[in-house]
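Have a look at run.txt; it's compact mmCIF, C-alpha atoms and all ligand atoms:
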# COMPACT_ATOMS: atom_id res chain seq x y z
CA MET D 1 1.52 -39.98 49.67
CA PHE D 2 5.25 -40.62 49.73
CA LYS D 3 5.75 -38.67 46.58
CA HIS D 4 4.97 -35.53 48.54
CA VAL D 5 7.38 -36.40 51.28
CA LEU D 6 10.10 -37.28 48.81
CA PHE D 7 9.49 -34.11 46.88
CA LEU D 8 9.60 -32.03 50.01
CA ILE D 9 12.76 -33.60 51.22
CA ALA D 10 14.36 -33.48 47.81
CA ALA D 11 13.58 -29.78 47.80
CA LEU D 12 15.84 -29.33 50.78
CA GLY D 13 19.25 -28.53 49.44
CA PHE D 14 21.26 -29.97 52.29
CA LEU D 15 19.87 -33.42 51.70
CA ASN D 16 21.02 -33.48 48.12
CA THR D 17 24.47 -32.14 48.77
CA GLY D 18 24.99 -34.71 51.50
CA ASN D 19 26.16 -32.09 53.99
CA THR D 20 25.80 -32.95 57.61
CA LEU D 21 23.66 -30.59 59.61
CA ALA D 22 25.46 -27.63 61.11
CA HIS D 23 24.45 -26.62 64.60
CA GLY D 24 23.25 -23.15 63.71
CA ALA D 25 21.00 -20.96 65.80
CA ASN D 26 17.82 -22.15 64.12
CA THR D 27 18.74 -25.77 63.73
CA PRO D 28 16.59 -28.00 65.93
CA GLU D 29 18.19 -30.36 68.39
CA HIS D 30 19.02 -33.57 66.55
CA SER D 31 21.27 -36.62 66.39
CA THR D 32 22.42 -38.50 63.33
CA ILE D 33 23.12 -42.19 62.89
CA HIS D 34 25.62 -42.67 60.07
CA ILE D 35 25.42 -46.20 58.74
CA THR D 36 28.84 -47.82 58.51
CA HIS D 37 28.16 -51.37 59.77
CA SER D 38 24.61 -51.91 60.95
CA LEU D 39 21.83 -49.87 62.47
CA SER D 40 22.30 -51.23 65.99
CA TYR D 41 26.10 -50.87 65.88
CA ASP D 42 26.06 -47.36 64.47
CA ALA D 43 23.22 -46.27 66.76
CA ARG D 44 25.22 -47.37 69.79
CA LYS D 45 28.19 -45.40 68.50
CA ALA D 46 25.99 -42.33 68.14
CA ASN D 47 24.60 -42.82 71.68
CA ILE D 48 21.08 -43.47 70.50
CA SER D 49 19.02 -45.48 72.98
CA PRO D 50 17.87 -49.01 72.02
CA LYS D 51 14.30 -47.79 72.50
CA ILE D 52 14.70 -45.27 69.70
CA VAL D 53 16.33 -47.92 67.51
CA ASP D 54 13.28 -50.14 68.10
CA THR D 55 11.02 -47.27 67.11
CA ILE D 56 13.05 -46.67 63.96
CA VAL D 57 12.86 -50.34 62.96
CA ARG D 58 9.15 -50.58 63.76
CA ILE D 59 8.26 -47.53 61.69
CA PHE D 60 10.68 -47.67 58.79
CA SER D 61 10.40 -51.41 58.20
CA TRP D 62 7.29 -50.61 56.15
CA GLU D 63 9.43 -48.66 53.72
CA ILE D 64 12.93 -50.09 54.11
CA ASP D 65 14.10 -53.67 54.18
CA PHE D 66 16.75 -53.38 56.89
CA ASN D 67 18.59 -56.44 55.63
CA ARG D 68 18.64 -55.52 51.98
CA ASP D 69 18.20 -51.79 51.49
CA LEU D 70 20.37 -50.31 54.22
CA GLN D 71 23.72 -49.21 52.84
CA LYS D 72 26.91 -47.63 54.02
CA GLY D 73 26.47 -43.87 53.91
CA ASP D 74 22.75 -43.93 54.71
CA ARG D 75 21.66 -41.73 57.60
CA PHE D 76 18.91 -41.55 60.14
CA ILE D 77 18.28 -38.14 61.64
CA ILE D 78 16.49 -38.01 64.98
CA ILE D 79 15.03 -34.59 65.64
CA GLY D 80 14.16 -33.42 69.12
CA ASN D 81 14.69 -35.33 72.34
CA SER D 82 16.27 -38.60 71.31
CA ASN D 83 15.53 -40.33 74.63
CA THR D 84 11.76 -40.15 74.73
CA HIS D 85 9.63 -39.29 71.73
CA PRO D 86 11.61 -37.47 69.06
CA ASP D 87 9.67 -34.87 67.06
CA ALA D 88 10.67 -36.36 63.74
CA LEU D 89 12.61 -39.26 62.27
CA ILE D 90 14.17 -38.97 58.85
CA TYR D 91 15.83 -41.65 56.78
CA LEU D 92 18.18 -40.54 54.02
CA GLY D 93 19.24 -43.43 51.83
CA ALA D 94 20.94 -43.58 48.49
CA ASN D 95 17.68 -44.43 46.75
CA LYS D 96 15.01 -43.43 49.17
CA ARG D 97 14.11 -40.74 51.67
CA VAL D 98 11.40 -41.10 54.26
CA ALA D 99 10.32 -38.64 56.93
CA VAL D 100 7.85 -39.18 59.76
CA PHE D 101 6.64 -36.80 62.44
CA ALA D 102 5.34 -37.35 65.96
CA TYR D 103 1.73 -36.80 66.81
CA THR D 104 0.08 -37.52 70.15
CA ASP D 105 -3.58 -38.47 69.93
CA LYS D 106 -6.31 -37.65 72.43
CA HIS D 107 -5.55 -40.86 74.34
CA GLY D 108 -2.01 -39.65 74.85
CA ARG D 109 -0.45 -42.15 72.46
CA THR D 110 2.38 -40.88 70.32
CA ASN D 111 2.82 -42.29 66.85
CA TYR D 112 4.65 -41.28 63.71
CA TYR D 113 3.02 -40.13 60.51
CA ASP D 114 4.13 -38.90 57.12
CA ILE D 115 3.78 -35.26 56.17
CA ASN D 116 0.18 -35.89 55.12
CA GLY D 117 -0.70 -37.28 58.53
CA LYS D 118 -0.87 -40.95 57.51
CA SER D 119 0.92 -43.80 59.26
CA LEU D 120 3.24 -45.92 57.12
CA TYR D 121 1.41 -49.14 58.00
CA PRO D 122 -0.67 -50.46 55.14
CA SER D 123 -4.17 -51.54 56.06
CA PHE D 124 -4.89 -55.26 55.77
CA SER D 125 -8.05 -57.05 54.76
CA ARG D 126 -8.99 -60.20 56.65
CA ALA D 127 -9.51 -62.32 53.57
CA PRO D 128 -8.06 -62.38 50.05
CA LEU D 129 -11.36 -63.45 48.49
CA ARG D 130 -14.55 -61.45 48.14
CA TYR D 131 -17.04 -64.33 48.41
CA SER D 132 -16.00 -67.63 49.84
CA ARG D 133 -16.58 -70.13 52.58
CA ILE D 134 -13.95 -71.20 55.08
CA SER D 135 -13.36 -74.89 54.52
CA SER D 136 -10.51 -75.38 56.96
CA LYS D 137 -9.58 -73.12 59.84
CA PHE D 138 -6.26 -72.37 61.42
CA GLN D 139 -5.71 -75.29 63.80
CA ARG D 140 -3.03 -77.14 65.70
CA SER D 141 -4.06 -80.50 64.29
CA ARG D 142 -6.36 -81.70 61.57
CA PHE D 143 -6.75 -84.92 59.65
CA HIS D 144 -5.19 -84.37 56.29
CA PRO D 145 -7.48 -85.74 53.56
CA ILE D 146 -4.66 -86.74 51.21
CA LEU D 147 -1.86 -87.64 53.60
CA LYS D 148 -4.34 -89.39 55.97
CA THR D 149 -2.45 -88.17 58.99
CA TRP D 150 -3.00 -85.55 61.68
CA ARG D 151 -1.04 -82.43 60.91
CA PRO D 152 -1.20 -78.81 61.97
CA HIS D 153 -2.89 -76.47 59.54
CA ARG D 154 -1.52 -73.02 60.23
CA ALA D 155 -3.48 -71.39 57.48
CA VAL D 156 -7.04 -70.83 56.40
CA ASP D 157 -8.56 -72.61 53.42
CA PHE D 158 -11.27 -70.81 51.53
CA ALA D 159 -13.51 -72.89 49.30
CA ALA D 160 -14.29 -71.01 46.11
CA LYS D 161 -14.91 -71.79 42.48
CA ARG D 162 -11.95 -72.37 40.23
CA GLY D 163 -11.01 -69.07 38.60
CA THR D 164 -12.28 -66.83 41.44
CA PRO D 165 -9.95 -63.80 41.65
CA VAL D 166 -7.56 -63.71 44.62
CA HIS D 167 -6.69 -60.27 46.01
CA SER D 168 -3.60 -59.10 47.85
CA VAL D 169 -4.61 -58.43 51.48
CA ALA D 170 -2.44 -55.31 51.70
CA SER D 171 0.00 -53.29 49.66
CA GLY D 172 3.34 -55.03 49.35
CA VAL D 173 5.98 -56.52 47.09
CA ILE D 174 5.83 -59.89 45.30
CA GLN D 175 8.47 -62.14 46.82
CA HIS D 176 7.70 -65.46 45.07
CA ARG D 177 5.47 -66.37 42.18
CA LYS D 178 6.13 -69.98 41.29
CA ARG D 179 5.16 -73.61 41.51
CA MET D 180 6.19 -74.95 44.88
CA GLY D 181 5.48 -78.58 45.85
CA ALA D 182 2.35 -79.10 47.96
CA LEU D 183 1.23 -75.48 47.63
CA GLY D 184 1.17 -75.70 43.84
CA ASN D 185 1.15 -72.31 42.14
CA VAL D 186 1.88 -69.96 45.00
CA VAL D 187 2.38 -66.24 45.52
CA TYR D 188 4.26 -64.76 48.49
CA ILE D 189 3.79 -61.07 49.20
CA LYS D 190 5.98 -59.10 51.62
CA HIS D 191 4.34 -56.30 53.57
CA GLY D 192 7.11 -54.31 55.23
CA SER D 193 9.96 -56.37 56.70
CA ASN D 194 7.85 -58.36 59.13
CA TYR D 195 4.69 -59.52 57.39
CA THR D 196 4.25 -62.00 54.57
CA SER D 197 1.05 -63.30 53.02
CA VAL D 198 0.96 -66.60 51.11
CA TYR D 199 -1.64 -67.72 48.54
CA GLY D 200 -1.54 -71.38 47.46
CA HIS D 201 -3.09 -73.83 44.96
CA LEU D 202 -3.72 -71.07 42.39
CA SER D 203 -4.93 -72.16 38.96
CA GLN D 204 -3.17 -69.18 37.40
CA PHE D 205 -1.16 -66.12 38.33
CA ALA D 206 -2.45 -62.68 37.38
CA ARG D 207 -1.18 -61.74 33.96
CA GLY D 208 2.21 -60.02 34.03
CA LEU D 209 2.73 -60.64 37.76
CA ARG D 210 6.45 -60.81 38.51
CA VAL D 211 8.81 -61.01 41.48
CA SER D 212 9.76 -57.63 43.04
CA GLN D 213 6.64 -56.02 41.63
CA LYS D 214 4.70 -53.70 43.93
CA VAL D 215 1.06 -54.55 44.45
CA LYS D 216 -1.77 -52.61 46.03
CA LYS D 217 -4.28 -53.82 48.58
CA GLY D 218 -7.10 -55.53 46.69
CA GLN D 219 -5.10 -56.05 43.51
CA VAL D 220 -5.79 -59.39 41.79
CA ILE D 221 -2.67 -61.56 42.03
CA GLY D 222 -4.06 -64.89 40.81
CA TYR D 223 -7.06 -67.20 40.56
CA VAL D 224 -8.38 -70.00 42.74
CA GLY D 225 -7.39 -73.48 41.62
CA SER D 226 -6.34 -76.87 42.85
CA THR D 227 -2.66 -77.11 41.93
CA GLY D 228 -0.25 -78.91 44.25
CA ARG D 229 -1.54 -81.19 47.02
CA SER D 230 -5.22 -80.35 46.98
CA THR D 231 -8.50 -82.24 46.81
CA GLY D 232 -10.50 -79.54 45.06
CA PRO D 233 -10.52 -75.86 44.18
CA HIS D 234 -9.73 -73.73 47.23
CA LEU D 235 -7.36 -71.03 48.33
CA HIS D 236 -4.79 -71.83 50.98
CA TYR D 237 -3.98 -68.56 52.72
CA GLU D 238 -1.26 -67.89 55.29
CA LEU D 239 -0.28 -64.80 57.20
CA ARG D 240 3.22 -64.74 58.66
CA TYR D 241 4.73 -62.35 61.14
CA LYS D 242 8.52 -62.59 61.30
CA GLY D 243 8.25 -65.95 59.58
CA ILE D 244 5.74 -67.38 62.07
CA ARG D 245 2.32 -68.34 60.79
CA LYS D 246 -0.50 -66.49 62.54
CA ASN D 247 -4.22 -67.04 62.40
CA PRO D 248 -5.26 -64.58 59.68
CA LEU D 249 -8.83 -64.42 60.98
CA THR D 250 -8.00 -63.37 64.50
CA TYR D 251 -4.47 -61.94 64.45
CA ARG D 252 -4.32 -58.30 65.50
CA LEU D 253 -2.98 -56.58 62.43
CA PRO D 254 -1.52 -53.11 62.51
CA LYS D 255 -4.15 -50.58 61.57
CA GLN D 256 -3.43 -47.68 59.33
CA LYS D 257 -3.92 -44.60 61.44
CA ASN D 258 -4.27 -40.99 60.49
CA VAL D 259 -3.76 -37.78 62.37
CA ALA D 260 -7.16 -36.59 63.60
CA ARG D 261 -8.76 -34.29 61.06
CA ALA D 262 -9.09 -31.48 63.59
CA ASP D 263 -5.35 -31.58 64.25
CA LEU D 264 -4.19 -32.07 60.69
CA TRP D 265 -3.50 -28.45 59.87
CA ARG D 266 -1.48 -27.96 63.04
CA PHE D 267 0.37 -31.25 62.43
CA LYS D 268 1.35 -30.34 58.87
CA ASN D 269 2.39 -26.89 59.93
CA LYS D 270 4.66 -28.28 62.62
CA ALA D 271 6.13 -30.89 60.26
CA ASN D 272 6.87 -28.25 57.67
CA LYS D 273 8.55 -26.11 60.32
CA VAL D 274 10.83 -29.01 61.23
CA LEU D 275 11.83 -29.46 57.60
CA ASP D 276 12.28 -25.71 57.11
CA ALA D 277 14.43 -25.41 60.19
CA LEU D 278 16.66 -28.18 58.88
CA SER D 279 17.13 -26.46 55.56
CA ASN D 280 17.67 -22.97 56.98
CA HIS D 281 20.81 -23.49 58.95
ZN ZN I 1 -4.57 -75.15 53.40
As structure tokens:
Amino acid sequence: MFKHVLFLIAALGFLNTGNTLAHGANTPEHSTIHITHSLSYDARKANISPKIVDTIVRIFSWEIDFNRDLQKGDRFIIIGNSNTHPDALIYLGANKRVAVFAYTDKHGRTNYYDINGKSLYPSFSRAPLRYSRISSKFQRSRFHPILKTWRPHRAVDFAAKRGTPVHSVASGVIQHRKRMGALGNVVYIKHGSNYTSVYGHLSQFARGLRVSQKVKKGQVIGYVGSTGRSTGPHLHYELRYKGIRKNPLTYRLPKQKNVARADLWRFKNKANKVLDALSNH
């Protein structure tokens, strides 16, 4: 879906030439954050409210790693009223361009969607295994069978046969794929800047799996095993939000939302008008 957005934006001459927007008669009201130091610093300088900065981080963190990807010279363009709900938010980076547009649903909630009417959040599955049995739940304290002590288990263990395929719970990027102490063969997958999923005790990694590789939801990333500190074949699965382990079975994950079908045509039309207006100054 991003290909379309990128194509559309790339088609706009002003974005490629790096010109700043002129305030012509047809140019919509907008503000620009020019990145020189950091998003929060540069946003303050551009008089952008912290609320809008929060919105930018919340939405774009699915596409941009704010610590790693943001570079001097990148820009965020806020179109429309920059104090409440802007009409559109556009990120123009050296390597990436992302545009999202406001849409208010029938409950009156405003969210941001790409030009095809899809939110940037990936959808998550609850479990990384198709058929399995939970052998140890997320709990504050459990008696560890090997260490013989009471320890918290902030993960879910799924009992499954050795060799059972393990699937990524959402689209993301491989962060680690290695042998790591008690977790044995482990894969870490980053989903946006805030979410990480962890898969431990694998017997094997999926063939060709490497760090920095993009994976899709449901893609096989490895196979159940008993490597590391483990009493038998099972998958140790963790879900982390901002580094904190959450109960993967109950945690309220962001849901991928779409613009209502009945409104889609109008939404796309409006989004295209915003882009056109920007290019026709
Ligand atoms: Zn475990």
Next on the checklist: List as a list in words the protein and nucleic acid residues lying within 9 Å of ligand ZN 1 (chain I), with all atoms listed in the file counted.
Outcome noted: Ser135, Ser136, Lys137, Phe138, His153, Arg154, Ala155, Val156, Asp157, Phe158, Leu183, Gly200, His201, Ser230, His234, Leu235, His236, Tyr237 and Glu238 of chain D
Checklist entry - Between D:Ile35, D:Ala88, D:Leu209, D:Leu278, which has the minimum distance to Thr55 of chain D (counting all atoms listed in the file)? => result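 Nearest to Thr55 of chain D: D:Ala88.
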Next on the checklist: Rounded to one decimal, what separation in Å do you get between atom CA of Ile90 of chain D and atom CA of Val211 of chain D?
Outcome noted: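 Atom CA of Val211 of chain D lies 28.6 Å from atom CA of Ile90 of chain D.
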Next on the checklist: Counting all atoms listed in the file, I want the residues whose atoms come within 12 Å of (1.5, -63.8, 33.5) in the file frame, returned as a list in words.
Outcome noted: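 Residues close enough to count: Arg177, Lys178, Ser203, Gln204, Phe205, Ala206, Arg207, Gly208, Leu209, Arg210, Val211, Val220, Ile221, Gly222 and Tyr223 of chain D.
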Item to check | Coordinates-based distance that separates atom CA of Gly184 of chain D from atom CA of Tyr199 of chain D (Å, one decimal) | outcome: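 Answer for the atom CA of Tyr199 of chain D to atom CA of Gly184 of chain D separation: 9.7 Å.
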Next on the checklist: For a test of reading the model, state the distance in Å between atom CA of Asn111 of chain D and atom CA of Asn81 of chain D, rounded to one decimal.
Outcome noted: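 One can read the atom CA of Asn111 of chain D to atom CA of Asn81 of chain D distance as 14.8 Å.
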Checklist entry - Taking (-11.8, -72.6, 45.1) in the file's coordinates, which residues come within 8 Å, counting only C-alpha atoms, written as a list in words? => result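 Every polymer residue passing the test: Phe158, Ala159, Ala160, Lys161, Arg162, Gly163, Thr164, Val224, Gly225, Ser226, Gly232, Pro233, His234 and Leu235 of chain D.
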Item to check | Using only C-alpha atoms: which of D:Pro50, D:Gly172, D:Pro254, D:Pro86 has the shortest distance to His30 of chain D | outcome: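 Counting only C-alpha atoms, the residue closest to His30 of chain D is D:Pro86.
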Item to check | Pick from D:Arg133, D:Lys273, D:Asp263, D:Tyr195, whichever lies nearest to Arg240 of chain D using only C-alpha atoms | outcome: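 So, comparing all the options, the nearest one is D:Tyr195.
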Near-Ala94 of chain D list (10 Å; only C-alpha atoms; drop same-chain fewer than 2 positions) as a PDB file with C-alpha atoms, keeping the file's coordinate frame:
ATOM      1  CA  ASP D  69      18.200 -51.790  51.490  1.00  0.00           C
ATOM      2  CA  LEU D  70      20.370 -50.310  54.220  1.00  0.00           C
ATOM      3  CA  GLN D  71      23.720 -49.210  52.840  1.00  0.00           C
ATOM      4  CA  LYS D  72      26.910 -47.630  54.020  1.00  0.00           C
ATOM      5  CA  GLY D  73      26.470 -43.870  53.910  1.00  0.00           C
ATOM      6  CA  ASP D  74      22.750 -43.930  54.710  1.00  0.00           C
ATOM      7  CA  ARG D  75      21.660 -41.730  57.600  1.00  0.00           C
ATOM      8  CA  TYR D  91      15.830 -41.650  56.780  1.00  0.00           C
ATOM      9  CA  LEU D  92      18.180 -40.540  54.020  1.00  0.00           C
ATOM     10  CA  LYS D  96      15.010 -43.430  49.170  1.00  0.00           C
ATOM     11  CA  ARG D  97      14.110 -40.740  51.670  1.00  0.00           C
TER      12      ARG D  97
END
Checklist entry - Which is closest to His34 of chain D among D:Asn247, D:Ser141, D:Asn47, D:Asn185, if we use all atoms listed in the file? => result D:Asn47
